[in-house]
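*Asks:* As input, take query_18.csv (CSV, C-alpha atoms):
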```
chain,number,residue,atom,x,y,z
A,1,MET,CA,12.8,-15.3,-6.8
A,2,LEU,CA,16.5,-16.0,-7.5
A,3,GLY,CA,15.6,-17.3,-11.0
A,4,ARG,CA,13.9,-14.2,-12.1
A,5,PRO,CA,16.9,-11.8,-12.2
A,6,ARG,CA,19.0,-14.5,-13.9
A,7,LYS,CA,16.4,-15.0,-16.6
A,8,LYS,CA,16.4,-11.2,-17.4
A,9,ARG,CA,20.2,-11.3,-17.8
A,10,ILE,CA,20.0,-14.3,-20.1
A,11,ASN,CA,17.3,-12.6,-22.2
A,12,ALA,CA,19.3,-9.4,-22.3
A,13,ARG,CA,22.4,-11.3,-23.3
A,14,GLY,CA,20.5,-13.3,-25.9
A,15,SER,CA,18.8,-10.2,-27.3
A,16,SER,CA,22.2,-8.4,-27.5
A,17,GLY,CA,23.7,-11.5,-29.3
A,18,GLU,CA,20.8,-11.7,-31.7
A,19,ASN,CA,21.1,-8.0,-32.5
A,20,LEU,CA,24.8,-8.4,-33.3
A,21,ALA,CA,24.0,-11.5,-35.4
A,22,VAL,CA,21.4,-9.6,-37.4
A,23,LYS,CA,23.8,-6.8,-38.1
A,24,TYR,CA,26.4,-9.3,-39.2
A,25,LEU,CA,24.1,-11.2,-41.5
A,26,GLU,CA,22.7,-8.0,-43.1
A,27,THR,CA,26.2,-6.7,-43.8
A,28,HIS,CA,27.0,-10.0,-45.4
A,29,GLY,CA,24.1,-9.8,-47.9
A,30,TYR,CA,21.3,-11.7,-46.0
A,31,ARG,CA,17.8,-10.3,-45.8
A,32,VAL,CA,16.0,-10.9,-42.5
A,33,LEU,CA,12.6,-12.5,-42.9
A,34,ASP,CA,11.7,-13.1,-39.3
A,35,ARG,CA,13.1,-13.0,-35.8
A,36,ASN,CA,12.0,-15.2,-32.9
A,37,TYR,CA,9.6,-17.2,-34.9
A,38,THR,CA,7.7,-19.2,-32.4
A,39,THR,CA,5.3,-22.2,-32.6
A,40,ASP,CA,4.0,-24.6,-30.0
A,41,ILE,CA,7.1,-26.7,-30.7
A,42,GLY,CA,9.8,-24.1,-30.1
A,43,GLU,CA,11.5,-21.1,-31.7
A,44,VAL,CA,13.9,-20.2,-34.4
A,45,ASP,CA,16.0,-17.2,-33.6
A,46,ILE,CA,16.3,-15.7,-37.1
A,47,PHE,CA,15.1,-16.7,-40.6
A,48,VAL,CA,17.1,-15.0,-43.4
A,49,THR,CA,17.5,-15.4,-47.1
A,50,ASP,CA,20.2,-14.8,-49.6
A,51,GLU,CA,17.5,-14.7,-52.2
A,52,LYS,CA,18.1,-18.3,-53.2
A,53,THR,CA,18.0,-20.2,-49.8
A,54,LEU,CA,15.9,-20.1,-46.7
A,55,VAL,CA,18.3,-20.1,-43.7
A,56,ALA,CA,17.2,-20.9,-40.2
A,57,VAL,CA,19.8,-19.3,-37.8
A,58,GLU,CA,20.4,-20.4,-34.2
A,59,VAL,CA,22.2,-17.7,-32.3
A,60,LYS,CA,24.3,-18.7,-29.3
A,61,SER,CA,26.0,-16.0,-27.2
A,62,ARG,CA,28.7,-16.5,-24.6
A,63,LEU,CA,30.7,-14.3,-22.3
A,64,SER,CA,33.5,-16.9,-22.0
A,65,LEU,CA,34.5,-20.3,-23.2
A,66,GLU,CA,34.2,-21.8,-19.7
A,67,TYR,CA,31.5,-24.1,-20.7
A,68,GLY,CA,32.6,-24.7,-24.3
A,69,THR,CA,32.0,-22.8,-27.6
A,70,PRO,CA,28.5,-21.4,-28.2
A,71,ALA,CA,27.9,-23.9,-31.1
A,72,GLU,CA,28.5,-26.8,-28.7
A,73,ALA,CA,25.3,-25.9,-26.9
A,74,VAL,CA,23.3,-26.8,-30.0
A,75,GLY,CA,22.5,-30.4,-29.3
A,76,TYR,CA,20.4,-33.1,-30.8
A,77,GLU,CA,17.1,-31.9,-29.1
A,78,LYS,CA,17.7,-28.3,-30.2
A,79,ILE,CA,18.4,-29.3,-33.7
A,80,LYS,CA,15.3,-31.5,-33.8
A,81,LYS,CA,13.1,-28.5,-32.6
A,82,ILE,CA,14.7,-26.1,-35.0
A,83,SER,CA,14.0,-28.5,-37.9
A,84,GLN,CA,10.4,-29.0,-36.8
A,85,VAL,CA,9.8,-25.2,-36.4
A,86,THR,CA,11.4,-24.6,-39.8
A,87,SER,CA,9.1,-27.2,-41.3
A,88,GLN,CA,6.1,-25.3,-39.9
A,89,TYR,CA,7.5,-22.0,-41.3
A,90,ILE,CA,7.8,-23.6,-44.7
A,91,LYS,CA,4.2,-24.8,-44.6
A,92,GLN,CA,2.9,-21.5,-43.3
A,93,PHE,CA,4.5,-19.4,-46.0
A,94,ARG,CA,4.2,-22.1,-48.7
A,95,LEU,CA,8.0,-22.2,-49.4
A,96,PHE,CA,7.9,-25.7,-50.8
A,97,GLY,CA,10.9,-26.5,-53.0
A,98,VAL,CA,13.0,-23.6,-51.6
A,99,PRO,CA,16.4,-24.8,-50.5
A,100,VAL,CA,16.8,-24.8,-46.8
A,101,ARG,CA,20.0,-24.5,-44.7
A,102,PHE,CA,20.7,-24.4,-41.0
A,103,ASP,CA,23.4,-22.1,-39.7
A,104,VAL,CA,24.7,-21.2,-36.2
A,105,VAL,CA,25.9,-17.8,-35.4
A,106,GLU,CA,28.2,-17.7,-32.4
A,107,VAL,CA,28.5,-14.4,-30.6
A,108,TYR,CA,31.3,-13.7,-28.2
A,109,LEU,CA,30.1,-10.9,-26.0
A,110,GLN,CA,33.4,-10.2,-24.3
A,111,ASP,CA,34.6,-8.6,-27.6
A,112,ASN,CA,31.5,-8.5,-29.7
A,113,THR,CA,32.9,-10.9,-32.3
A,114,VAL,CA,30.8,-13.1,-34.5
A,115,ASN,CA,31.5,-16.5,-36.0
A,116,HIS,CA,29.0,-17.6,-38.7
A,117,ILE,CA,28.9,-21.4,-39.1
A,118,VAL,CA,27.3,-22.1,-42.5
A,119,ASN,CA,25.4,-25.3,-42.9
A,120,ALA,CA,26.1,-26.2,-39.2
A,121,PHE,CA,23.8,-29.2,-39.2
A,122,ASP,CA,21.4,-31.3,-41.2
A,123,SER,CA,17.6,-31.2,-40.7
A,124,PHE,CA,14.9,-33.6,-39.6
A,125,ILE,CA,12.4,-31.9,-41.9
A,126,ARG,CA,9.7,-34.1,-43.3
A,127,TYR,CA,7.1,-32.6,-45.6
```
Re-express the file's structure as structure tokens.

*Replies:*
Amino acid sequence: MLGRPRKKRINARGSSGENLAVKYLETHGYRVLDRNYTTDIGEVDIFVTDEKTLVAVEVKSRLSLEYGTPAEAVGYEKIKKISQVTSQYIKQFRLFGVPVRFDVVEVYLQDNTVNHIVNAFDSFIRY
């Protein structure tokens, strides 16, 4: 029972952060292709394009830096899952040969600021 209210707060916080990230990306020339693209492996928060590159975006939101920066929460296992889900996305939409990049968007909810980390990590994609 205690876990349920916390989960709702986390989802609301994550949704708020993703909405801010989408607004930021759109105002910086990106076109949103998909949000919360989910497979049996995991999820990618946002797929965008700048008309040349497919960008898989992981959004991390924080109310404080008590536990580190948002980007520090994107570890090896998360990177691996994002890479695998992106590979499935590429196969599903036949985007072979399209350049791919992995970004992290940090959202600081205490003041609604956004930090876009371009090319935040390399992939594990295997075609």

*Asks:* Using all atoms listed in the file for the distances, tell me which of A:Glu43, A:Glu26, A:Asp50, A:Glu58 is nearest to Val107 in chain A.

*Replies:*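 Distance minimum relative to Val107 in chain A lands on A:Glu58.
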
*Asks:* Pick out the residues sitting within 9 Å of range 65-80 of chain A, and hand them over as a list in words; count all atoms listed in the file, and ignore anything fewer than 3 positions along from it in its own chain.

*Replies:* Gly42, Glu58, Val59, Lys60, Ser61, Arg62, Ser83, Gln84, Val85, Val104, Val105, Glu106, Val107, Tyr108, Ile117, Ala120, Phe121, Asp122, Ser123, Phe124 and Ile125 of chain A

*Asks:* Could you state the separation of CA of Ile90 in chain A and CA of Ser16 in chain A in Å, given to one decimal place?

*Replies:*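 It comes out at 27.1 Å.
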
*Asks:* Which residue is closest to Leu95 in chain A? Choose from A:Leu63, A:Leu109, A:Leu54, A:Ile82 and count all atoms listed in the file.

*Replies:*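 When distances to Leu95 in chain A are compared using all atoms listed in the file, the smallest one comes from A:Leu54.
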
*Asks:* Measure the distance from CA of Lys91 in chain A to CA of Val22 in chain A in Å and round it to one decimal.

*Replies:* 24.1 Å

*Asks:* Name the closest residue to Ile41 in chain A among the candidates A:Gly29, A:Ser64, A:Gln88, A:Tyr24; distances are taken between atoms, counting only C-alpha atoms.

*Replies:* A:Gln88

*Asks:* For Ala56 in chain A, which residue among A:Asn19, A:Val98, A:Asn36, A:Val44 is the nearest when counting all atoms listed in the file?

*Replies:*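 Nearest to Ala56 in chain A: A:Val44.
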
*Asks:* Would you work out the distance separating CA of Gly97 in chain A from CA of Val48 in chain A, expressed in Å to one decimal?

*Replies:*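 Answer for the CA of Gly97 in chain A to CA of Val48 in chain A separation: 16.2 Å.
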
*Asks:* From the list A:Thr39, A:Thr86, A:Thr113, A:Asn119, which residue is nearest Arg101 in chain A when using all atoms listed in the file?

*Replies:*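 Of all the options, A:Asn119 lies closest to Arg101 in chain A.
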
*Asks:* Pick out the closest residue to His28 in chain A from this set: A:Phe93, A:Val114, A:Val100, A:Ser87. Count all atoms listed in the file.

*Replies:*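 Going through A:Phe93, A:Val114, A:Val100, A:Ser87 one by one, the smallest distance to His28 in chain A is for A:Val114.
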
*Asks:* Rebuild range 58-87 of chain A so that it carries N, CA and C atoms, then output the result as a CSV table (one decimal), keeping the file's coordinate frame.

*Replies:*
```
chain,number,residue,atom,x,y,z
A,58,GLU,N,20.4,-20.3,-35.7
A,58,GLU,CA,20.4,-20.4,-34.2
A,58,GLU,C,21.5,-19.5,-33.7
A,59,VAL,N,21.2,-18.6,-32.9
A,59,VAL,CA,22.2,-17.7,-32.3
A,59,VAL,C,22.5,-18.1,-30.9
A,60,LYS,N,23.8,-18.3,-30.6
A,60,LYS,CA,24.3,-18.7,-29.3
A,60,LYS,C,25.3,-17.6,-28.9
A,61,SER,N,25.1,-17.0,-27.7
A,61,SER,CA,26.0,-16.0,-27.2
A,61,SER,C,26.7,-16.5,-25.9
A,62,ARG,N,27.9,-16.1,-25.8
A,62,ARG,CA,28.7,-16.5,-24.6
A,62,ARG,C,29.6,-15.3,-24.1
A,63,LEU,N,29.8,-15.2,-22.8
A,63,LEU,CA,30.7,-14.3,-22.3
A,63,LEU,C,32.1,-14.9,-22.2
A,64,SER,N,32.2,-16.2,-22.1
A,64,SER,CA,33.5,-16.9,-22.0
A,64,SER,C,33.3,-18.3,-22.6
A,65,LEU,N,34.4,-19.0,-22.7
A,65,LEU,CA,34.5,-20.3,-23.2
A,65,LEU,C,34.5,-21.4,-22.0
A,66,GLU,N,34.2,-20.9,-20.8
A,66,GLU,CA,34.2,-21.8,-19.7
A,66,GLU,C,33.4,-23.1,-19.8
A,67,TYR,N,32.3,-23.0,-20.5
A,67,TYR,CA,31.5,-24.1,-20.7
A,67,TYR,C,31.5,-24.6,-22.2
A,68,GLY,N,32.5,-24.3,-22.9
A,68,GLY,CA,32.6,-24.7,-24.3
A,68,GLY,C,32.2,-23.5,-25.3
A,69,THR,N,32.3,-23.8,-26.5
A,69,THR,CA,32.0,-22.8,-27.6
A,69,THR,C,30.4,-22.7,-27.6
A,70,PRO,N,30.0,-21.6,-28.1
A,70,PRO,CA,28.5,-21.4,-28.2
A,70,PRO,C,27.9,-22.5,-29.1
A,71,ALA,N,28.5,-22.9,-30.2
A,71,ALA,CA,27.9,-23.9,-31.1
A,71,ALA,C,27.8,-25.3,-30.4
A,72,GLU,N,28.6,-25.5,-29.4
A,72,GLU,CA,28.5,-26.8,-28.7
A,72,GLU,C,27.3,-27.0,-27.9
A,73,ALA,N,26.6,-25.8,-27.7
A,73,ALA,CA,25.3,-25.9,-26.9
A,73,ALA,C,24.1,-26.2,-27.8
A,74,VAL,N,24.4,-26.4,-29.1
A,74,VAL,CA,23.3,-26.8,-30.0
A,74,VAL,C,23.3,-28.3,-30.1
A,75,GLY,N,22.6,-29.0,-29.3
A,75,GLY,CA,22.5,-30.4,-29.3
A,75,GLY,C,21.4,-31.0,-30.1
A,76,TYR,N,21.3,-32.3,-30.0
A,76,TYR,CA,20.4,-33.1,-30.8
A,76,TYR,C,18.9,-32.6,-30.6
A,77,GLU,N,18.5,-32.4,-29.4
A,77,GLU,CA,17.1,-31.9,-29.1
A,77,GLU,C,16.8,-30.6,-29.7
A,78,LYS,N,17.8,-29.7,-29.6
A,78,LYS,CA,17.7,-28.3,-30.2
A,78,LYS,C,17.6,-28.4,-31.7
A,79,ILE,N,18.4,-29.2,-32.3
A,79,ILE,CA,18.4,-29.3,-33.7
A,79,ILE,C,17.1,-29.9,-34.2
A,80,LYS,N,16.6,-30.9,-33.5
A,80,LYS,CA,15.3,-31.5,-33.8
A,80,LYS,C,14.2,-30.4,-33.8
A,81,LYS,N,14.2,-29.6,-32.7
A,81,LYS,CA,13.1,-28.5,-32.6
A,81,LYS,C,13.3,-27.5,-33.7
A,82,ILE,N,14.5,-27.0,-34.0
A,82,ILE,CA,14.7,-26.1,-35.0
A,82,ILE,C,14.2,-26.6,-36.4
A,83,SER,N,14.5,-27.9,-36.6
A,83,SER,CA,14.0,-28.5,-37.9
A,83,SER,C,12.5,-28.5,-37.9
A,84,GLN,N,11.9,-28.9,-36.8
A,84,GLN,CA,10.4,-29.0,-36.8
A,84,GLN,C,9.8,-27.6,-37.0
A,85,VAL,N,10.3,-26.6,-36.3
A,85,VAL,CA,9.8,-25.2,-36.4
A,85,VAL,C,10.0,-24.7,-37.9
A,86,THR,N,11.1,-25.0,-38.4
A,86,THR,CA,11.4,-24.6,-39.8
A,86,THR,C,10.4,-25.3,-40.8
A,87,SER,N,10.1,-26.5,-40.5
A,87,SER,CA,9.1,-27.2,-41.3
A,87,SER,C,7.7,-26.5,-41.3
```
